[in-house]
file work.cif (mmCIF, N, CA and C atoms)
data_input
#
loop_
_atom_site.group_PDB
_atom_site.id
_atom_site.type_symbol
_atom_site.label_atom_id
_atom_site.label_comp_id
_atom_site.auth_asym_id
_atom_site.auth_seq_id
_atom_site.Cartn_x
_atom_site.Cartn_y
_atom_site.Cartn_z
ATOM 1 N N MET N 1 173.879 71.237 152.650
ATOM 2 C CA MET N 1 172.894 70.235 152.280
ATOM 3 C C MET N 1 171.649 70.932 151.759
ATOM 4 N N ARG N 2 170.956 70.244 150.863
ATOM 5 C CA ARG N 2 169.734 70.777 150.269
ATOM 6 C C ARG N 2 168.557 69.878 150.619
ATOM 7 N N VAL N 3 167.408 70.499 150.852
ATOM 8 C CA VAL N 3 166.192 69.760 151.152
ATOM 9 C C VAL N 3 165.086 70.291 150.240
ATOM 10 N N LEU N 4 164.217 69.386 149.797
ATOM 11 C CA LEU N 4 163.065 69.755 148.976
ATOM 12 C C LEU N 4 161.814 69.567 149.802
ATOM 13 N N LEU N 5 161.038 70.646 149.968
ATOM 14 C CA LEU N 5 159.756 70.595 150.660
ATOM 15 C C LEU N 5 158.661 70.639 149.598
ATOM 16 N N VAL N 6 157.746 69.686 149.647
ATOM 17 C CA VAL N 6 156.677 69.615 148.661
ATOM 18 C C VAL N 6 155.351 69.677 149.397
ATOM 19 N N GLY N 7 154.514 70.641 149.007
ATOM 20 C CA GLY N 7 153.211 70.817 149.622
ATOM 21 C C GLY N 7 153.179 72.062 150.487
ATOM 22 N N ALA N 8 152.000 72.564 150.728
ATOM 23 C CA ALA N 8 151.740 73.732 151.575
ATOM 24 C C ALA N 8 152.015 75.032 150.819
ATOM 25 N N ASP N 9 151.197 76.022 151.108
ATOM 26 C CA ASP N 9 151.387 77.334 150.505
ATOM 27 C C ASP N 9 152.384 78.171 151.294
ATOM 28 N N ARG N 10 152.313 78.076 152.607
ATOM 29 C CA ARG N 10 153.223 78.798 153.496
ATOM 30 C C ARG N 10 153.847 77.808 154.472
ATOM 31 N N LEU N 11 155.098 78.041 154.802
ATOM 32 C CA LEU N 11 155.828 77.076 155.621
ATOM 33 C C LEU N 11 155.977 77.481 157.083
ATOM 34 N N GLY N 12 155.693 78.728 157.405
ATOM 35 C CA GLY N 12 155.812 79.161 158.796
ATOM 36 C C GLY N 12 157.247 79.094 159.290
ATOM 37 N N ASN N 13 157.461 78.434 160.429
ATOM 38 C CA ASN N 13 158.792 78.344 161.049
ATOM 39 C C ASN N 13 159.595 77.132 160.599
ATOM 40 N N ILE N 14 159.060 76.341 159.718
ATOM 41 C CA ILE N 14 159.752 75.109 159.303
ATOM 42 C C ILE N 14 161.119 75.384 158.680
ATOM 43 N N PRO N 15 161.288 76.394 157.809
ATOM 44 C CA PRO N 15 162.639 76.647 157.285
ATOM 45 C C PRO N 15 163.665 76.953 158.373
ATOM 46 N N LYS N 16 163.280 77.676 159.411
ATOM 47 C CA LYS N 16 164.214 77.966 160.508
ATOM 48 C C LYS N 16 164.645 76.679 161.206
ATOM 49 N N LYS N 17 163.702 75.785 161.433
ATOM 50 C CA LYS N 17 164.026 74.506 162.081
ATOM 51 C C LYS N 17 164.979 73.685 161.224
ATOM 52 N N LEU N 18 164.738 73.670 159.909
ATOM 53 C CA LEU N 18 165.614 72.917 159.011
ATOM 54 C C LEU N 18 167.009 73.531 158.949
ATOM 55 N N GLU N 19 167.096 74.852 158.998
ATOM 56 C CA GLU N 19 168.415 75.500 159.029
ATOM 57 C C GLU N 19 169.175 75.129 160.295
ATOM 58 N N GLN N 20 168.460 75.000 161.405
ATOM 59 C CA GLN N 20 169.096 74.591 162.659
ATOM 60 C C GLN N 20 169.618 73.156 162.571
ATOM 61 N N GLU N 21 168.983 72.344 161.741
ATOM 62 C CA GLU N 21 169.424 70.958 161.564
ATOM 63 C C GLU N 21 170.549 70.834 160.546
ATOM 64 N N GLY N 22 170.974 71.951 159.940
ATOM 65 C CA GLY N 22 172.113 71.918 159.039
ATOM 66 C C GLY N 22 171.798 72.032 157.567
ATOM 67 N N PHE N 23 170.557 72.221 157.203
ATOM 68 C CA PHE N 23 170.214 72.381 155.793
ATOM 69 C C PHE N 23 170.466 73.822 155.381
ATOM 70 N N GLU N 24 171.276 74.001 154.347
ATOM 71 C CA GLU N 24 171.670 75.331 153.901
ATOM 72 C C GLU N 24 170.730 75.879 152.837
ATOM 73 N N GLU N 25 170.206 75.010 152.006
ATOM 74 C CA GLU N 25 169.317 75.447 150.924
ATOM 75 C C GLU N 25 167.997 74.688 151.033
ATOM 76 N N ILE N 26 166.907 75.448 151.069
ATOM 77 C CA ILE N 26 165.573 74.869 151.180
ATOM 78 C C ILE N 26 164.796 75.228 149.926
ATOM 79 N N ILE N 27 164.382 74.215 149.190
ATOM 80 C CA ILE N 27 163.603 74.406 147.966
ATOM 81 C C ILE N 27 162.165 74.026 148.278
ATOM 82 N N HIS N 28 161.219 74.883 147.889
ATOM 83 C CA HIS N 28 159.813 74.645 148.221
ATOM 84 C C HIS N 28 158.962 74.623 146.959
ATOM 85 N N TRP N 29 158.203 73.542 146.798
ATOM 86 C CA TRP N 29 157.182 73.441 145.743
ATOM 87 C C TRP N 29 155.833 73.365 146.443
ATOM 88 N N THR N 30 154.878 74.196 146.039
ATOM 89 C CA THR N 30 153.556 74.138 146.664
ATOM 90 C C THR N 30 152.856 72.835 146.312
ATOM 91 N N GLY N 31 153.031 72.349 145.107
ATOM 92 C CA GLY N 31 152.494 71.052 144.725
ATOM 93 C C GLY N 31 151.002 71.008 144.477
ATOM 94 N N ARG N 32 150.360 72.146 144.376
ATOM 95 C CA ARG N 32 148.912 72.156 144.179
ATOM 96 C C ARG N 32 148.511 72.060 142.712
ATOM 97 N N ASN N 33 149.335 72.588 141.823
ATOM 98 C CA ASN N 33 149.015 72.571 140.394
ATOM 99 C C ASN N 33 149.479 71.282 139.734
ATOM 100 N N LYS N 34 148.805 70.910 138.654
ATOM 101 C CA LYS N 34 149.193 69.702 137.921
ATOM 102 C C LYS N 34 150.590 69.820 137.333
ATOM 103 N N SER N 35 151.049 71.039 137.083
ATOM 104 C CA SER N 35 152.363 71.229 136.460
ATOM 105 C C SER N 35 153.506 70.731 137.341
ATOM 106 N N PHE N 36 153.295 70.650 138.642
ATOM 107 C CA PHE N 36 154.366 70.195 139.533
ATOM 108 C C PHE N 36 154.684 68.720 139.343
ATOM 109 N N ARG N 37 153.759 67.923 138.836
ATOM 110 C CA ARG N 37 154.057 66.498 138.672
ATOM 111 C C ARG N 37 155.045 66.262 137.542
ATOM 112 N N ASN N 38 155.260 67.277 136.686
ATOM 113 C CA ASN N 38 156.214 67.154 135.589
ATOM 114 C C ASN N 38 157.598 67.683 135.944
ATOM 115 N N LYS N 39 157.750 68.248 137.133
ATOM 116 C CA LYS N 39 159.047 68.774 137.544
ATOM 117 C C LYS N 39 159.949 67.639 138.005
ATOM 118 N N ASN N 40 161.235 67.832 137.777
ATOM 119 C CA ASN N 40 162.224 66.858 138.233
ATOM 120 C C ASN N 40 162.793 67.288 139.574
ATOM 121 N N VAL N 41 163.004 66.321 140.438
ATOM 122 C CA VAL N 41 163.635 66.602 141.728
ATOM 123 C C VAL N 41 165.039 67.120 141.439
ATOM 124 N N PRO N 42 165.404 68.279 142.001
ATOM 125 C CA PRO N 42 166.739 68.842 141.750
ATOM 126 C C PRO N 42 167.864 67.905 142.188
ATOM 127 N N LYS N 43 169.017 68.110 141.611
ATOM 128 C CA LYS N 43 170.179 67.293 141.963
ATOM 129 C C LYS N 43 170.719 67.695 143.328
ATOM 130 N N ASN N 44 171.435 66.794 143.935
ATOM 131 C CA ASN N 44 172.090 66.992 145.231
ATOM 132 C C ASN N 44 171.114 67.254 146.371
ATOM 133 N N ILE N 45 169.908 66.738 146.271
ATOM 134 C CA ILE N 45 168.941 66.833 147.361
ATOM 135 C C ILE N 45 169.261 65.721 148.354
ATOM 136 N N LYS N 46 169.337 66.057 149.623
ATOM 137 C CA LYS N 46 169.647 65.062 150.661
ATOM 138 C C LYS N 46 168.401 64.472 151.304
ATOM 139 N N ARG N 47 167.270 65.212 151.222
ATOM 140 C CA ARG N 47 166.037 64.730 151.832
ATOM 141 C C ARG N 47 164.857 65.405 151.140
ATOM 142 N N VAL N 48 163.757 64.664 151.009
ATOM 143 C CA VAL N 48 162.507 65.209 150.488
ATOM 144 C C VAL N 48 161.478 65.100 151.603
ATOM 145 N N ILE N 49 160.777 66.200 151.859
ATOM 146 C CA ILE N 49 159.711 66.210 152.858
ATOM 147 C C ILE N 49 158.417 66.556 152.143
ATOM 148 N N VAL N 50 157.422 65.672 152.256
ATOM 149 C CA VAL N 50 156.133 65.861 151.592
ATOM 150 C C VAL N 50 155.067 66.120 152.649
ATOM 151 N N PHE N 51 154.400 67.254 152.524
ATOM 152 C CA PHE N 51 153.271 67.569 153.391
ATOM 153 C C PHE N 51 152.019 67.073 152.684
ATOM 154 N N TYR N 52 151.568 65.889 153.052
ATOM 155 C CA TYR N 52 150.544 65.184 152.278
ATOM 156 C C TYR N 52 149.160 65.782 152.367
ATOM 157 N N ASN N 53 148.892 66.657 153.304
ATOM 158 C CA ASN N 53 147.562 67.246 153.361
ATOM 159 C C ASN N 53 147.456 68.509 152.502
ATOM 160 N N TYR N 54 148.512 68.870 151.786
ATOM 161 C CA TYR N 54 148.505 70.053 150.928
ATOM 162 C C TYR N 54 149.138 69.777 149.566
ATOM 163 N N ILE N 55 148.830 68.645 148.949
ATOM 164 C CA ILE N 55 149.468 68.294 147.682
ATOM 165 C C ILE N 55 148.506 67.438 146.865
ATOM 166 N N ASN N 56 148.591 67.553 145.533
ATOM 167 C CA ASN N 56 147.734 66.690 144.725
ATOM 168 C C ASN N 56 148.410 65.324 144.548
ATOM 169 N N HIS N 57 147.605 64.323 144.247
ATOM 170 C CA HIS N 57 148.101 62.944 144.193
ATOM 171 C C HIS N 57 149.136 62.723 143.097
ATOM 172 N N GLY N 58 148.937 63.351 141.948
ATOM 173 C CA GLY N 58 149.891 63.179 140.848
ATOM 174 C C GLY N 58 151.283 63.660 141.213
ATOM 175 N N THR N 59 151.351 64.803 141.869
ATOM 176 C CA THR N 59 152.647 65.339 142.287
ATOM 177 C C THR N 59 153.284 64.447 143.340
ATOM 178 N N MET N 60 152.495 63.995 144.296
ATOM 179 C CA MET N 60 153.035 63.133 145.347
ATOM 180 C C MET N 60 153.623 61.850 144.749
ATOM 181 N N ASN N 61 152.905 61.238 143.832
ATOM 182 C CA ASN N 61 153.398 60.007 143.216
ATOM 183 C C ASN N 61 154.657 60.249 142.398
ATOM 184 N N SER N 62 154.713 61.364 141.688
ATOM 185 C CA SER N 62 155.888 61.682 140.884
ATOM 186 C C SER N 62 157.117 61.903 141.757
ATOM 187 N N VAL N 63 156.963 62.688 142.812
ATOM 188 C CA VAL N 63 158.086 62.955 143.722
ATOM 189 C C VAL N 63 158.531 61.664 144.400
ATOM 190 N N LYS N 64 157.582 60.861 144.822
ATOM 191 C CA LYS N 64 157.889 59.589 145.484
ATOM 192 C C LYS N 64 158.701 58.677 144.554
ATOM 193 N N ARG N 65 158.264 58.565 143.319
ATOM 194 C CA ARG N 65 158.953 57.713 142.347
ATOM 195 C C ARG N 65 160.380 58.206 142.091
ATOM 196 N N GLN N 66 160.535 59.512 141.903
ATOM 197 C CA GLN N 66 161.861 60.075 141.627
ATOM 198 C C GLN N 66 162.807 59.924 142.821
ATOM 199 N N ALA N 67 162.295 60.174 144.012
ATOM 200 C CA ALA N 67 163.136 60.054 145.212
ATOM 201 C C ALA N 67 163.572 58.611 145.413
ATOM 202 N N LYS N 68 162.658 57.695 145.229
ATOM 203 C CA LYS N 68 162.986 56.280 145.403
ATOM 204 C C LYS N 68 164.028 55.831 144.386
ATOM 205 N N ALA N 69 163.879 56.269 143.130
ATOM 206 C CA ALA N 69 164.833 55.889 142.083
ATOM 207 C C ALA N 69 166.222 56.464 142.346
ATOM 208 N N SER N 70 166.284 57.616 142.987
ATOM 209 C CA SER N 70 167.566 58.265 143.274
ATOM 210 C C SER N 70 168.134 57.903 144.640
ATOM 211 N N GLY N 71 167.377 57.154 145.433
ATOM 212 C CA GLY N 71 167.844 56.772 146.760
ATOM 213 C C GLY N 71 167.807 57.909 147.768
ATOM 214 N N ILE N 72 166.920 58.873 147.553
ATOM 215 C CA ILE N 72 166.796 60.014 148.450
ATOM 216 C C ILE N 72 165.778 59.676 149.535
ATOM 217 N N PRO N 73 166.113 59.876 150.808
ATOM 218 C CA PRO N 73 165.133 59.627 151.871
ATOM 219 C C PRO N 73 163.948 60.581 151.735
ATOM 220 N N ILE N 74 162.758 60.059 151.959
ATOM 221 C CA ILE N 74 161.552 60.863 151.843
ATOM 222 C C ILE N 74 160.741 60.726 153.129
ATOM 223 N N ILE N 75 160.253 61.855 153.611
ATOM 224 C CA ILE N 75 159.470 61.903 154.842
ATOM 225 C C ILE N 75 158.093 62.440 154.494
ATOM 226 N N TYR N 76 157.060 61.781 155.005
ATOM 227 C CA TYR N 76 155.681 62.222 154.807
ATOM 228 C C TYR N 76 155.135 62.698 156.143
ATOM 229 N N GLY N 77 154.388 63.790 156.099
ATOM 230 C CA GLY N 77 153.772 64.266 157.332
ATOM 231 C C GLY N 77 152.815 65.396 157.060
ATOM 232 N N LYS N 78 152.067 65.740 158.095
ATOM 233 C CA LYS N 78 151.203 66.910 158.015
ATOM 234 C C LYS N 78 152.063 68.146 158.190
ATOM 235 N N LEU N 79 151.494 69.283 157.857
ATOM 236 C CA LEU N 79 152.241 70.530 157.961
ATOM 237 C C LEU N 79 152.355 70.949 159.411
ATOM 238 N N SER N 80 153.450 70.537 160.041
ATOM 239 C CA SER N 80 153.756 70.947 161.401
ATOM 240 C C SER N 80 155.207 70.621 161.682
ATOM 241 N N GLN N 81 155.775 71.308 162.651
ATOM 242 C CA GLN N 81 157.164 71.048 163.008
ATOM 243 C C GLN N 81 157.314 69.677 163.648
ATOM 244 N N ASN N 82 156.256 69.178 164.260
ATOM 245 C CA ASN N 82 156.332 67.874 164.913
ATOM 246 C C ASN N 82 156.523 66.749 163.912
ATOM 247 N N SER N 83 156.079 66.943 162.676
ATOM 248 C CA SER N 83 156.213 65.883 161.675
ATOM 249 C C SER N 83 157.652 65.767 161.169
ATOM 250 N N LEU N 84 158.488 66.767 161.438
ATOM 251 C CA LEU N 84 159.869 66.712 160.999
ATOM 252 C C LEU N 84 160.673 65.851 161.936
#
call {"tool": "encode", "arguments": {"input": "work.cif", "output": "structure tokens"}}
result
Amino acid sequence: MRVLLVGADRLGNIPKKLEQEGFEEIIHWTGRNKSFRNKNVPKNIKRVIVFYNYINHGTMNSVKRQAKASGIPIIYGKLSQNSL
């Protein structure tokens, strides 16, 4: 399974926790630059996790729209393991 993490510069222990939950591939976008709002959500993503305190609004709206159109579950939270 693949997961897309959007936001934050460093992820700390979050990738290890996601691997324990069965995610094999973790894709990370920092989401701070305007260029990220033009990126397309990769194919075969099973879940999108958005760290809303480390992302610009344009990127968040773009990812939200794409995930909703594709039927991908999206989780919003602060950067912490508890938000997962």
call {"tool": "residues_near_point", "arguments": {"input": "work.cif", "point": "(154.0, 63.1, 145.5)", "cutoff": "10 Å", "atoms": "only C-alpha atoms", "output": "tab-separated table (two decimals) with N, CA and C atoms, in the coordinates of the input"}}
result
chain	number	residue	atom	x	y	z
N	6	VAL	N	157.75	69.69	149.65
N	6	VAL	CA	156.68	69.61	148.66
N	6	VAL	C	155.35	69.68	149.40
N	7	GLY	N	154.51	70.64	149.01
N	7	GLY	CA	153.21	70.82	149.62
N	7	GLY	C	153.18	72.06	150.49
N	31	GLY	N	153.03	72.35	145.11
N	31	GLY	CA	152.49	71.05	144.72
N	31	GLY	C	151.00	71.01	144.48
N	36	PHE	N	153.29	70.65	138.64
N	36	PHE	CA	154.37	70.19	139.53
N	36	PHE	C	154.68	68.72	139.34
N	37	ARG	N	153.76	67.92	138.84
N	37	ARG	CA	154.06	66.50	138.67
N	37	ARG	C	155.04	66.26	137.54
N	49	ILE	N	160.78	66.20	151.86
N	49	ILE	CA	159.71	66.21	152.86
N	49	ILE	C	158.42	66.56	152.14
N	50	VAL	N	157.42	65.67	152.26
N	50	VAL	CA	156.13	65.86	151.59
N	50	VAL	C	155.07	66.12	152.65
N	51	PHE	N	154.40	67.25	152.52
N	51	PHE	CA	153.27	67.57	153.39
N	51	PHE	C	152.02	67.07	152.68
N	52	TYR	N	151.57	65.89	153.05
N	52	TYR	CA	150.54	65.18	152.28
N	52	TYR	C	149.16	65.78	152.37
N	55	ILE	N	148.83	68.64	148.95
N	55	ILE	CA	149.47	68.29	147.68
N	55	ILE	C	148.51	67.44	146.86
N	56	ASN	N	148.59	67.55	145.53
N	56	ASN	CA	147.73	66.69	144.72
N	56	ASN	C	148.41	65.32	144.55
N	57	HIS	N	147.60	64.32	144.25
N	57	HIS	CA	148.10	62.94	144.19
N	57	HIS	C	149.14	62.72	143.10
N	58	GLY	N	148.94	63.35	141.95
N	58	GLY	CA	149.89	63.18	140.85
N	58	GLY	C	151.28	63.66	141.21
N	59	THR	N	151.35	64.80	141.87
N	59	THR	CA	152.65	65.34	142.29
N	59	THR	C	153.28	64.45	143.34
N	60	MET	N	152.50	64.00	144.30
N	60	MET	CA	153.04	63.13	145.35
N	60	MET	C	153.62	61.85	144.75
N	61	ASN	N	152.90	61.24	143.83
N	61	ASN	CA	153.40	60.01	143.22
N	61	ASN	C	154.66	60.25	142.40
N	62	SER	N	154.71	61.36	141.69
N	62	SER	CA	155.89	61.68	140.88
N	62	SER	C	157.12	61.90	141.76
N	63	VAL	N	156.96	62.69	142.81
N	63	VAL	CA	158.09	62.96	143.72
N	63	VAL	C	158.53	61.66	144.40
N	64	LYS	N	157.58	60.86	144.82
N	64	LYS	CA	157.89	59.59	145.48
N	64	LYS	C	158.70	58.68	144.55
N	65	ARG	N	158.26	58.56	143.32
N	65	ARG	CA	158.95	57.71	142.35
N	65	ARG	C	160.38	58.21	142.09
N	66	GLN	N	160.54	59.51	141.90
N	66	GLN	CA	161.86	60.08	141.63
N	66	GLN	C	162.81	59.92	142.82
N	67	ALA	N	162.29	60.17	144.01
N	67	ALA	CA	163.14	60.05	145.21
N	67	ALA	C	163.57	58.61	145.41
N	76	TYR	N	157.06	61.78	155.00
N	76	TYR	CA	155.68	62.22	154.81
N	76	TYR	C	155.14	62.70	156.14
call {"tool": "closest_residue", "arguments": {"input": "work.cif", "among": "N:Lys68, N:Arg2, N:Lys39, N:Lys78", "to": "Ile27 of chain N", "atoms": "only C-alpha atoms"}}
result
N:Arg2
call {"tool": "atom_distance", "arguments": {"input": "work.cif", "atom1": "atom C of Tyr54 of chain N", "atom2": "atom CA of Asp9 of chain N"}}
result
7.9 Å
call {"tool": "closest_residue", "arguments": {"input": "work.cif", "among": "N:Arg10, N:Leu79, N:Val41, N:Met1", "to": "Phe23 of chain N", "atoms": "all atoms listed in the file"}}
result
N:Met1
call {"tool": "select_by_dssp", "arguments": {"input": "work.cif", "residues": "chain N", "states": "alpha helix (DSSP H)", "output": "PyMOL selection string"}}
result
chain N and resi 14-20+57-70
call {"tool": "atom_distance", "arguments": {"input": "work.cif", "atom1": "atom N of Leu11 of chain N", "atom2": "atom CA of Thr30 of chain N"}}
result
9.2 Å
call {"tool": "atom_distance", "arguments": {"input": "work.cif", "atom1": "atom C of Gly12 of chain N", "atom2": "atom C of Glu24 of chain N"}}
result
15.3 Å
call {"tool": "closest_residue", "arguments": {"input": "work.cif", "among": "N:Glu25, N:Ile72, N:Gly77, N:Asn40", "to": "Leu4 of chain N", "atoms": "all atoms listed in the file"}}
result
N:Glu25
call {"tool": "select_by_dssp", "arguments": {"input": "work.cif", "residues": "chain N", "states": "strand (DSSP E)", "output": "NGL selection string"}}
result
:N and (2-6 or 25-29 or 45-51 or 74-77)
call {"tool": "closest_residue", "arguments": {"input": "work.cif", "among": "N:Ala8, N:Ile74, N:Lys16, N:Lys46", "to": "Arg32 of chain N", "atoms": "all atoms listed in the file"}}
result
N:Ala8
